[in-house]
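Taking it in order: structure first as structure tokens, then the write-up.
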2 protein chains.
Amino acid sequence: MREFYTITELTKEFSVSTRTIRFYEDEELIKPVRRGRTRLFRPSDRLLLKQILRGKRLGFSIAEIREIIEVYKAPSGEEGQIKLMIERINQKRKELEQKRQDIDDTMREMDNAEENCIERLAELRVSQ
Amino acid sequence: MREFYTITELTKEFSVSTRTIRFYEDEELIKPVRRGRTRLFRPSDRLLLKQILRGKRLGFSIAEIREIIEVYKAPSGEEGQIKLMIERINQKRKELEQKRQDIDDTMREMDNAEENCIERLAELRVSQ
DNA sequence: GATTTGATTGACTTTTACGTAAATCAATTA
DNA sequence: TAATTGATTTACGTAAAAGTCAATCAAATC
């Protein structure tokens, strides 16, 4: 495993702009180290970026992604804090399940739409 | 099945503002009929709204939702057009499968996070 | 030593998806 | 008939998530 990635390596790997990556740093979602002024991204930073972009694809806002990332971290604090964290995890699970249901529904409509197309194609051939 | 819904009935059912619904009409995603100036939403308009909001939850933009809705419609045109439509359907399927994968991955991380929390709770109890 | 290359910072701009407020209208109720 | 209620139109405002551009800098190359 590589020790560091440059910003352009990551922009290429994930097809995002440098502006986007710097924006996530401004938002303190990623905290790359520096050599002089230049950012150096560790594998853990790269993983974070991957998780952020995954969240984006699912339509989560930066604020929501921040929450999700908080949840990923090692749990700390006393019992109450940790139980609260578990509740937040279950909340996120519910949101994800809703999205999964939405995907299933949309998929079904796609199947439907395709069948209609195929039928229409058959009709066109018969009527020739 | 009801013949018409008012705009406020729909705002309540789906927890959106009138502004949102009118915005979708401006974008020509929904085309309610009118009695005078007042909008009347048919069951088909209601279904469309439902589909739009489903797309939103999945993080699709208005432009993407417009595409998806196009796909739902009854296929028309000649063979080339319909084959093109089938390709667009398959493209959307890919996007949906990516999202499904993203959900699965995030779910797994949630399971992980919860396990860590439970472990931490156990540790706290032992060390008392 | 001059210049090219890659990265940074800062500031202003843009797009999307609505929010909000004011003026208008039409129908119902007091 | 006056006033309330619910809906409409118009228009300006806004937050989020970057895009874009200019100036700067540092290291490498010619």
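In the structure tokens, chains take letters A, B, ... by order of appearance, with residues numbered from 1 within each chain and ligands from 1 in the order shown.
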
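For D:DC12, the list of residues within 12 Å, based on only C-alpha atoms (C1' of nucleotides) and with local chain neighbours fewer than 2 positions off taken out, reads DG19, DT20, DA21 and DA22 of chain C; DT10 and DT14 of chain D.
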
How close does chain C get to stretch 34-37 of chain A? List, as a Markdown table, each residue of chain C within 12 Å, its nearest atom pair and the distance in Å to one decimal, counting only C-alpha atoms (C1' of nucleotides).
```
| residue | atom | partner | partner_atom | distance |
| --- | --- | --- | --- | --- |
| C:DA7 | C1' | A:Arg37 | CA | 8.3 |
| C:DT8 | C1' | A:Arg37 | CA | 7.0 |
| C:DT9 | C1' | A:Arg37 | CA | 10.2 |
```

How would chain B read as a compact mmCIF listing (two decimals) with N, CA and C atoms, in the first residue's frame after a least-squares superposition onto chain A over every Cα atom, matched in order?
```txt
# COMPACT_ATOMS: atom_id res chain seq x y z
N MET B 1 0.96 -1.17 0.14
CA MET B 1 0.11 0.03 0.14
C MET B 1 0.96 1.30 0.14
N ARG B 2 0.62 2.25 -0.72
CA ARG B 2 1.35 3.51 -0.83
C ARG B 2 1.23 4.32 0.44
N GLU B 3 2.24 5.15 0.68
CA GLU B 3 2.17 5.98 1.88
C GLU B 3 1.36 7.24 1.63
N PHE B 4 1.59 7.84 0.46
CA PHE B 4 0.90 9.10 0.14
C PHE B 4 0.40 9.16 -1.29
N TYR B 5 -0.67 9.91 -1.49
CA TYR B 5 -1.17 10.21 -2.83
C TYR B 5 -1.16 11.73 -2.99
N THR B 6 -0.89 12.21 -4.22
CA THR B 6 -1.02 13.65 -4.48
C THR B 6 -2.48 13.93 -4.81
N ILE B 7 -2.78 15.22 -4.82
CA ILE B 7 -4.17 15.60 -5.08
C ILE B 7 -4.59 15.22 -6.50
N THR B 8 -3.67 15.38 -7.45
CA THR B 8 -4.04 15.05 -8.84
C THR B 8 -4.22 13.55 -9.05
N GLU B 9 -3.45 12.76 -8.31
CA GLU B 9 -3.67 11.31 -8.41
C GLU B 9 -5.10 10.98 -7.99
N LEU B 10 -5.53 11.60 -6.93
CA LEU B 10 -6.89 11.33 -6.45
C LEU B 10 -7.94 11.87 -7.41
N THR B 11 -7.70 13.05 -7.98
CA THR B 11 -8.69 13.60 -8.93
C THR B 11 -8.86 12.65 -10.11
N LYS B 12 -7.73 12.03 -10.52
CA LYS B 12 -7.82 11.12 -11.67
C LYS B 12 -8.51 9.82 -11.28
N GLU B 13 -8.12 9.29 -10.14
CA GLU B 13 -8.71 8.02 -9.71
C GLU B 13 -10.22 8.13 -9.54
N PHE B 14 -10.69 9.25 -8.97
CA PHE B 14 -12.11 9.35 -8.65
C PHE B 14 -12.89 10.29 -9.56
N SER B 15 -12.22 10.83 -10.57
CA SER B 15 -12.90 11.74 -11.50
C SER B 15 -13.60 12.90 -10.80
N VAL B 16 -12.85 13.58 -9.94
CA VAL B 16 -13.36 14.80 -9.33
C VAL B 16 -12.30 15.89 -9.53
N SER B 17 -12.67 17.13 -9.30
CA SER B 17 -11.74 18.24 -9.47
C SER B 17 -10.95 18.47 -8.19
N THR B 18 -9.84 19.20 -8.32
CA THR B 18 -9.08 19.57 -7.12
C THR B 18 -9.96 20.46 -6.23
N ARG B 19 -10.75 21.30 -6.87
CA ARG B 19 -11.65 22.18 -6.12
C ARG B 19 -12.55 21.37 -5.18
N THR B 20 -13.05 20.28 -5.70
CA THR B 20 -13.94 19.42 -4.92
C THR B 20 -13.22 18.87 -3.70
N ILE B 21 -12.01 18.37 -3.93
CA ILE B 21 -11.25 17.78 -2.83
C ILE B 21 -10.91 18.85 -1.79
N ARG B 22 -10.51 20.03 -2.26
CA ARG B 22 -10.19 21.12 -1.33
C ARG B 22 -11.43 21.57 -0.57
N PHE B 23 -12.55 21.54 -1.26
CA PHE B 23 -13.81 21.88 -0.61
C PHE B 23 -14.09 20.92 0.55
N TYR B 24 -13.86 19.66 0.34
CA TYR B 24 -14.08 18.68 1.41
C TYR B 24 -13.10 18.91 2.56
N GLU B 25 -11.92 19.39 2.22
CA GLU B 25 -10.97 19.70 3.28
C GLU B 25 -11.44 20.93 4.07
N ASP B 26 -11.90 21.95 3.35
CA ASP B 26 -12.48 23.13 4.01
C ASP B 26 -13.58 22.72 4.98
N GLU B 27 -14.36 21.76 4.54
CA GLU B 27 -15.49 21.28 5.36
C GLU B 27 -15.02 20.34 6.47
N GLU B 28 -13.71 20.13 6.48
CA GLU B 28 -13.09 19.26 7.49
C GLU B 28 -13.56 17.82 7.45
N LEU B 29 -13.89 17.38 6.26
CA LEU B 29 -14.24 15.96 6.09
C LEU B 29 -12.96 15.15 5.91
N ILE B 30 -11.98 15.75 5.26
CA ILE B 30 -10.67 15.13 5.06
C ILE B 30 -9.62 16.06 5.66
N LYS B 31 -8.60 15.48 6.24
CA LYS B 31 -7.52 16.32 6.78
C LYS B 31 -6.16 15.79 6.36
N PRO B 32 -5.81 16.01 5.09
CA PRO B 32 -4.50 15.54 4.60
C PRO B 32 -3.37 16.23 5.36
N VAL B 33 -2.22 15.57 5.42
CA VAL B 33 -1.06 16.22 6.04
C VAL B 33 -0.40 17.10 4.99
N ARG B 34 0.66 17.84 5.40
CA ARG B 34 1.31 18.76 4.48
C ARG B 34 2.81 18.52 4.44
N ARG B 35 3.36 18.68 3.24
CA ARG B 35 4.81 18.81 3.12
C ARG B 35 4.99 20.21 2.57
N GLY B 36 5.39 21.14 3.40
CA GLY B 36 5.38 22.55 3.03
C GLY B 36 3.93 22.97 2.93
N ARG B 37 3.52 23.47 1.78
CA ARG B 37 2.12 23.83 1.59
C ARG B 37 1.35 22.72 0.88
N THR B 38 2.10 21.81 0.28
CA THR B 38 1.46 20.78 -0.54
C THR B 38 0.76 19.71 0.30
N ARG B 39 -0.43 19.39 -0.13
CA ARG B 39 -1.22 18.35 0.56
C ARG B 39 -0.70 16.96 0.23
N LEU B 40 -0.62 16.12 1.23
CA LEU B 40 -0.29 14.71 1.04
C LEU B 40 -1.42 13.89 1.63
N PHE B 41 -1.99 13.03 0.79
CA PHE B 41 -3.14 12.23 1.23
C PHE B 41 -2.70 10.83 1.61
N ARG B 42 -3.01 10.46 2.82
CA ARG B 42 -2.69 9.10 3.27
C ARG B 42 -3.77 8.14 2.78
N PRO B 43 -3.50 6.84 2.84
CA PRO B 43 -4.53 5.86 2.45
C PRO B 43 -5.84 6.09 3.20
N SER B 44 -5.75 6.53 4.45
CA SER B 44 -6.97 6.77 5.21
C SER B 44 -7.73 7.97 4.65
N ASP B 45 -7.01 8.96 4.12
CA ASP B 45 -7.66 10.11 3.48
C ASP B 45 -8.34 9.66 2.19
N ARG B 46 -7.64 8.81 1.48
CA ARG B 46 -8.20 8.27 0.24
C ARG B 46 -9.49 7.50 0.51
N LEU B 47 -9.46 6.69 1.56
CA LEU B 47 -10.66 5.92 1.93
C LEU B 47 -11.81 6.86 2.28
N LEU B 48 -11.50 7.90 3.04
CA LEU B 48 -12.52 8.88 3.40
C LEU B 48 -13.15 9.50 2.16
N LEU B 49 -12.28 9.89 1.21
CA LEU B 49 -12.78 10.49 -0.02
C LEU B 49 -13.73 9.52 -0.73
N LYS B 50 -13.34 8.27 -0.76
CA LYS B 50 -14.16 7.24 -1.37
C LYS B 50 -15.53 7.17 -0.70
N GLN B 51 -15.52 7.24 0.61
CA GLN B 51 -16.77 7.16 1.37
C GLN B 51 -17.63 8.41 1.14
N ILE B 52 -16.97 9.55 1.04
CA ILE B 52 -17.71 10.79 0.77
C ILE B 52 -18.42 10.70 -0.58
N LEU B 53 -17.69 10.26 -1.60
CA LEU B 53 -18.26 10.19 -2.94
C LEU B 53 -19.37 9.16 -3.03
N ARG B 54 -19.23 8.11 -2.25
CA ARG B 54 -20.29 7.10 -2.16
C ARG B 54 -21.54 7.75 -1.59
N GLY B 55 -21.37 8.53 -0.55
CA GLY B 55 -22.50 9.24 0.05
C GLY B 55 -23.15 10.18 -0.95
N LYS B 56 -22.32 10.88 -1.70
CA LYS B 56 -22.82 11.80 -2.72
C LYS B 56 -23.69 11.08 -3.74
N ARG B 57 -23.20 9.94 -4.21
CA ARG B 57 -23.96 9.18 -5.22
C ARG B 57 -25.33 8.79 -4.68
N LEU B 58 -25.41 8.62 -3.39
CA LEU B 58 -26.69 8.23 -2.78
C LEU B 58 -27.55 9.44 -2.45
N GLY B 59 -27.07 10.63 -2.81
CA GLY B 59 -27.88 11.81 -2.60
C GLY B 59 -27.81 12.41 -1.21
N PHE B 60 -26.82 12.00 -0.42
CA PHE B 60 -26.67 12.60 0.90
C PHE B 60 -25.98 13.96 0.76
N SER B 61 -26.40 14.93 1.58
CA SER B 61 -25.75 16.23 1.59
C SER B 61 -24.44 16.13 2.37
N ILE B 62 -23.63 17.18 2.27
CA ILE B 62 -22.36 17.21 3.02
C ILE B 62 -22.63 17.03 4.52
N ALA B 63 -23.64 17.70 5.01
CA ALA B 63 -23.99 17.59 6.43
C ALA B 63 -24.31 16.15 6.80
N GLU B 64 -25.05 15.48 5.96
CA GLU B 64 -25.41 14.08 6.23
C GLU B 64 -24.19 13.17 6.14
N ILE B 65 -23.35 13.46 5.17
CA ILE B 65 -22.13 12.67 5.01
C ILE B 65 -21.24 12.85 6.24
N ARG B 66 -21.22 14.07 6.75
CA ARG B 66 -20.44 14.33 7.95
C ARG B 66 -20.93 13.43 9.10
N GLU B 67 -22.23 13.34 9.23
CA GLU B 67 -22.82 12.47 10.27
C GLU B 67 -22.42 11.02 10.09
N ILE B 68 -22.51 10.58 8.85
CA ILE B 68 -22.18 9.18 8.55
C ILE B 68 -20.72 8.90 8.90
N ILE B 69 -19.86 9.82 8.55
CA ILE B 69 -18.44 9.65 8.82
C ILE B 69 -18.16 9.63 10.32
N GLU B 70 -18.89 10.46 11.04
CA GLU B 70 -18.78 10.46 12.50
C GLU B 70 -19.05 9.06 13.05
N VAL B 71 -20.07 8.45 12.47
CA VAL B 71 -20.50 7.12 12.91
C VAL B 71 -19.44 6.06 12.65
N TYR B 72 -18.72 6.23 11.52
CA TYR B 72 -17.71 5.23 11.17
C TYR B 72 -16.58 5.18 12.21
N LYS B 73 -16.31 6.35 12.80
CA LYS B 73 -15.16 6.45 13.70
C LYS B 73 -15.27 5.54 14.92
N ALA B 74 -14.13 5.28 15.52
CA ALA B 74 -14.12 4.44 16.73
C ALA B 74 -14.95 5.12 17.81
N PRO B 75 -15.81 4.36 18.46
CA PRO B 75 -16.69 4.94 19.47
C PRO B 75 -15.89 5.37 20.71
N SER B 76 -16.27 6.52 21.24
CA SER B 76 -15.61 6.99 22.46
C SER B 76 -16.68 7.54 23.40
N GLY B 77 -16.27 7.91 24.60
CA GLY B 77 -17.22 8.48 25.55
C GLY B 77 -17.83 7.44 26.46
N GLU B 78 -18.76 7.88 27.26
CA GLU B 78 -19.35 6.95 28.24
C GLU B 78 -20.61 6.28 27.67
N GLU B 79 -21.15 5.43 28.45
CA GLU B 79 -22.27 4.59 28.01
C GLU B 79 -23.37 5.35 27.27
N GLY B 80 -23.82 6.46 27.86
CA GLY B 80 -24.89 7.24 27.24
C GLY B 80 -24.53 7.66 25.84
N GLN B 81 -23.33 8.15 25.67
CA GLN B 81 -22.85 8.59 24.36
C GLN B 81 -22.88 7.46 23.34
N ILE B 82 -22.41 6.32 23.80
CA ILE B 82 -22.32 5.19 22.86
C ILE B 82 -23.70 4.67 22.49
N LYS B 83 -24.60 4.65 23.47
CA LYS B 83 -25.97 4.22 23.15
C LYS B 83 -26.61 5.18 22.17
N LEU B 84 -26.33 6.46 22.34
CA LEU B 84 -26.84 7.47 21.41
C LEU B 84 -26.30 7.23 20.01
N MET B 85 -25.02 6.87 19.96
CA MET B 85 -24.41 6.56 18.68
C MET B 85 -25.12 5.39 17.99
N ILE B 86 -25.44 4.37 18.77
CA ILE B 86 -26.14 3.21 18.20
C ILE B 86 -27.50 3.63 17.63
N GLU B 87 -28.16 4.55 18.32
CA GLU B 87 -29.44 5.03 17.80
C GLU B 87 -29.26 5.75 16.47
N ARG B 88 -28.20 6.54 16.39
CA ARG B 88 -27.95 7.27 15.13
C ARG B 88 -27.63 6.29 14.00
N ILE B 89 -26.94 5.23 14.35
CA ILE B 89 -26.65 4.20 13.34
C ILE B 89 -27.94 3.59 12.83
N ASN B 90 -28.83 3.29 13.76
CA ASN B 90 -30.10 2.69 13.34
C ASN B 90 -30.94 3.65 12.50
N GLN B 91 -30.83 4.93 12.81
CA GLN B 91 -31.53 5.95 12.02
C GLN B 91 -31.02 5.94 10.57
N LYS B 92 -29.71 5.91 10.44
CA LYS B 92 -29.11 5.88 9.09
C LYS B 92 -29.53 4.62 8.36
N ARG B 93 -29.60 3.52 9.10
CA ARG B 93 -30.03 2.27 8.47
C ARG B 93 -31.42 2.43 7.86
N LYS B 94 -32.28 3.09 8.59
CA LYS B 94 -33.64 3.31 8.07
C LYS B 94 -33.62 4.11 6.78
N GLU B 95 -32.83 5.16 6.77
CA GLU B 95 -32.74 5.97 5.55
C GLU B 95 -32.23 5.13 4.39
N LEU B 96 -31.24 4.31 4.68
CA LEU B 96 -30.68 3.46 3.62
C LEU B 96 -31.71 2.45 3.12
N GLU B 97 -32.50 1.93 4.06
CA GLU B 97 -33.53 0.97 3.65
C GLU B 97 -34.60 1.63 2.79
N GLN B 98 -34.92 2.88 3.12
CA GLN B 98 -35.86 3.63 2.27
C GLN B 98 -35.30 3.77 0.86
N LYS B 99 -34.04 4.11 0.78
CA LYS B 99 -33.41 4.26 -0.54
C LYS B 99 -33.41 2.93 -1.29
N ARG B 100 -33.17 1.86 -0.56
CA ARG B 100 -33.15 0.55 -1.19
C ARG B 100 -34.53 0.22 -1.76
N GLN B 101 -35.54 0.55 -0.99
CA GLN B 101 -36.92 0.34 -1.45
C GLN B 101 -37.18 1.18 -2.70
N ASP B 102 -36.71 2.41 -2.67
CA ASP B 102 -36.90 3.31 -3.81
C ASP B 102 -36.22 2.73 -5.06
N ILE B 103 -35.05 2.16 -4.86
CA ILE B 103 -34.35 1.55 -6.00
C ILE B 103 -35.15 0.36 -6.53
N ASP B 104 -35.61 -0.49 -5.63
CA ASP B 104 -36.40 -1.65 -6.05
C ASP B 104 -37.62 -1.21 -6.86
N ASP B 105 -38.32 -0.20 -6.34
CA ASP B 105 -39.51 0.29 -7.03
C ASP B 105 -39.17 0.82 -8.42
N THR B 106 -38.09 1.60 -8.47
CA THR B 106 -37.71 2.18 -9.76
C THR B 106 -37.28 1.08 -10.73
N MET B 107 -36.56 0.10 -10.21
CA MET B 107 -36.14 -1.03 -11.04
C MET B 107 -37.36 -1.72 -11.66
N ARG B 108 -38.36 -1.94 -10.84
CA ARG B 108 -39.57 -2.60 -11.32
C ARG B 108 -40.20 -1.79 -12.45
N GLU B 109 -40.23 -0.48 -12.30
CA GLU B 109 -40.80 0.36 -13.36
C GLU B 109 -39.96 0.29 -14.63
N MET B 110 -38.68 0.11 -14.44
CA MET B 110 -37.80 -0.02 -15.60
C MET B 110 -38.11 -1.33 -16.35
N ASP B 111 -38.28 -2.42 -15.57
CA ASP B 111 -38.64 -3.70 -16.18
C ASP B 111 -39.90 -3.54 -17.00
N ASN B 112 -40.87 -2.88 -16.39
CA ASN B 112 -42.15 -2.62 -17.03
C ASN B 112 -41.98 -1.86 -18.33
N ALA B 113 -41.21 -0.78 -18.23
CA ALA B 113 -41.00 0.08 -19.40
C ALA B 113 -40.34 -0.71 -20.53
N GLU B 114 -39.37 -1.56 -20.14
CA GLU B 114 -38.67 -2.31 -21.18
C GLU B 114 -39.62 -3.32 -21.86
N GLU B 115 -40.42 -3.98 -21.04
CA GLU B 115 -41.39 -4.92 -21.61
C GLU B 115 -42.30 -4.23 -22.62
N ASN B 116 -42.77 -3.05 -22.26
CA ASN B 116 -43.62 -2.28 -23.17
C ASN B 116 -42.91 -1.99 -24.48
N CYS B 117 -41.65 -1.66 -24.36
CA CYS B 117 -40.87 -1.39 -25.57
C CYS B 117 -40.78 -2.63 -26.45
N ILE B 118 -40.49 -3.76 -25.81
CA ILE B 118 -40.35 -5.01 -26.56
C ILE B 118 -41.66 -5.39 -27.25
N GLU B 119 -42.74 -5.20 -26.51
CA GLU B 119 -44.07 -5.47 -27.09
C GLU B 119 -44.31 -4.60 -28.32
N ARG B 120 -43.99 -3.34 -28.14
CA ARG B 120 -44.18 -2.38 -29.24
C ARG B 120 -43.35 -2.78 -30.45
N LEU B 121 -42.16 -3.24 -30.21
CA LEU B 121 -41.30 -3.70 -31.31
C LEU B 121 -41.95 -4.86 -32.05
N ALA B 122 -42.51 -5.79 -31.28
CA ALA B 122 -43.16 -6.96 -31.88
C ALA B 122 -44.33 -6.51 -32.75
N GLU B 123 -45.12 -5.58 -32.22
CA GLU B 123 -46.26 -5.04 -32.98
C GLU B 123 -45.81 -4.45 -34.31
N LEU B 124 -44.73 -3.67 -34.22
CA LEU B 124 -44.21 -3.02 -35.43
C LEU B 124 -43.85 -4.05 -36.49
N ARG B 125 -43.29 -5.19 -36.06
CA ARG B 125 -42.85 -6.21 -37.02
C ARG B 125 -44.04 -6.93 -37.64
N VAL B 126 -45.09 -7.18 -36.84
CA VAL B 126 -46.28 -7.85 -37.33
C VAL B 126 -46.97 -6.97 -38.38
N SER B 127 -47.06 -5.69 -38.09
CA SER B 127 -47.82 -4.79 -38.97
C SER B 127 -47.07 -4.40 -40.24
N GLN B 128 -45.97 -5.13 -40.51
CA GLN B 128 -45.25 -4.78 -41.75
C GLN B 128 -45.73 -5.62 -42.92
```

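Our summary of the geometry notes that atom C1' of C:DG10 is positioned 9.3 Å from atom C1' of D:DA22.
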
Could you build a table of the residues in chain D lying no more than 9 Å from chain A, giving for each the nearest pair of atoms and their separation in Å rounded to one decimal place, using only C-alpha atoms (C1' of nucleotides), ordered by chain and ascending residue number, as a Markdown table?
```
| residue | atom | partner | partner_atom | distance |
| --- | --- | --- | --- | --- |
| D:DA16 | C1' | A:Ser61 | CA | 8.3 |
| D:DA17 | C1' | A:Thr20 | CA | 8.4 |
| D:DA18 | C1' | A:Thr20 | CA | 6.4 |
| D:DG19 | C1' | A:Arg19 | CA | 8.1 |
```

>> I need the strand (DSSP E or B) residues of stretch 22-121 of chain B per DSSP on the backbone, written as a ChimeraX atom specification.
In response: /B:33-35,38-41

Create the file for the chosen residues now, containing N, CA, C and O atoms and written as a short mmCIF file (atom, residue, chain, number, x, y, z; two decimals), in the first residue's frame.
```cif
data_model
loop_
_atom_site.label_atom_id
_atom_site.label_comp_id
_atom_site.auth_asym_id
_atom_site.auth_seq_id
_atom_site.Cartn_x
_atom_site.Cartn_y
_atom_site.Cartn_z
N VAL B 33 -54.54 19.74 -14.42
CA VAL B 33 -55.54 20.50 -15.17
C VAL B 33 -55.97 21.68 -14.30
O VAL B 33 -55.55 21.81 -13.16
N ARG B 34 -56.85 22.55 -14.86
CA ARG B 34 -57.27 23.74 -14.12
C ARG B 34 -58.78 23.85 -14.08
O ARG B 34 -59.47 23.50 -15.05
N ARG B 35 -59.26 24.32 -12.94
CA ARG B 35 -60.65 24.78 -12.88
C ARG B 35 -60.51 26.26 -12.58
O ARG B 35 -60.16 26.64 -11.46
N THR B 38 -57.30 27.56 -10.53
CA THR B 38 -56.90 26.58 -9.53
C THR B 38 -56.46 25.25 -10.15
O THR B 38 -57.12 24.71 -11.03
N ARG B 39 -55.36 24.75 -9.65
CA ARG B 39 -54.83 23.46 -10.14
C ARG B 39 -55.64 22.30 -9.58
O ARG B 39 -55.97 22.26 -8.40
N LEU B 40 -55.92 21.34 -10.43
CA LEU B 40 -56.55 20.09 -10.01
C LEU B 40 -55.63 18.95 -10.42
O LEU B 40 -55.28 18.80 -11.59
N PHE B 41 -55.26 18.14 -9.43
CA PHE B 41 -54.32 17.04 -9.70
C PHE B 41 -55.06 15.73 -9.84
O PHE B 41 -55.78 15.30 -8.92
#
```

> Any idea what the distance is between atom C1' of C:DA2 and atom C1' of D:DT20?
Replying inline: 28.9 Å

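Between atom C1' of D:DT5 and atom C1' of C:DT28 there is a distance of 7.8 Å.
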
>> Residues near D:DC21, anyone? I mean within 12 Å using only C-alpha atoms (C1' of nucleotides), not counting same-chain ones fewer than 3 positions away, as a PyMOL selection string.
In response: chain C and resi 10-13

>> Contacts from chain C to chain B, 9 Å maximum, only C-alpha atoms (C1' of nucleotides): show me the residue list as an NGL selection string.
In response: :C and (16-19)

Keeping C-alpha atoms (C1' of nucleotides), export the residues of the selection given above as a PDB file, in the first residue's frame.
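Once written, result_7.pdb looks like this:
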```pdb
ATOM      1  C1'  DT C  16     -29.896  23.789  -8.642  1.00  0.00           C
ATOM      2  C1'  DA C  17     -33.892  23.572  -5.992  1.00  0.00           C
ATOM      3  C1'  DC C  18     -36.469  25.596  -3.871  1.00  0.00           C
ATOM      4  C1'  DG C  19     -37.910  29.716   0.218  1.00  0.00           C
TER       5       DG C  19
END
```

> Please, which residues of chain B, numbered as in this document, come out helix (DSSP H, G or I) from DSSP, as number ranges by chain?
Replying inline: B: 7-14, 18-26, 43-57, 62-72, 79-126

>> Between D:DT29, D:DT24, D:DT9, D:DT4, which residue has the minimum interatomic distance to C:DT24, considering only C-alpha atoms (C1' of nucleotides)?
In response: D:DT9
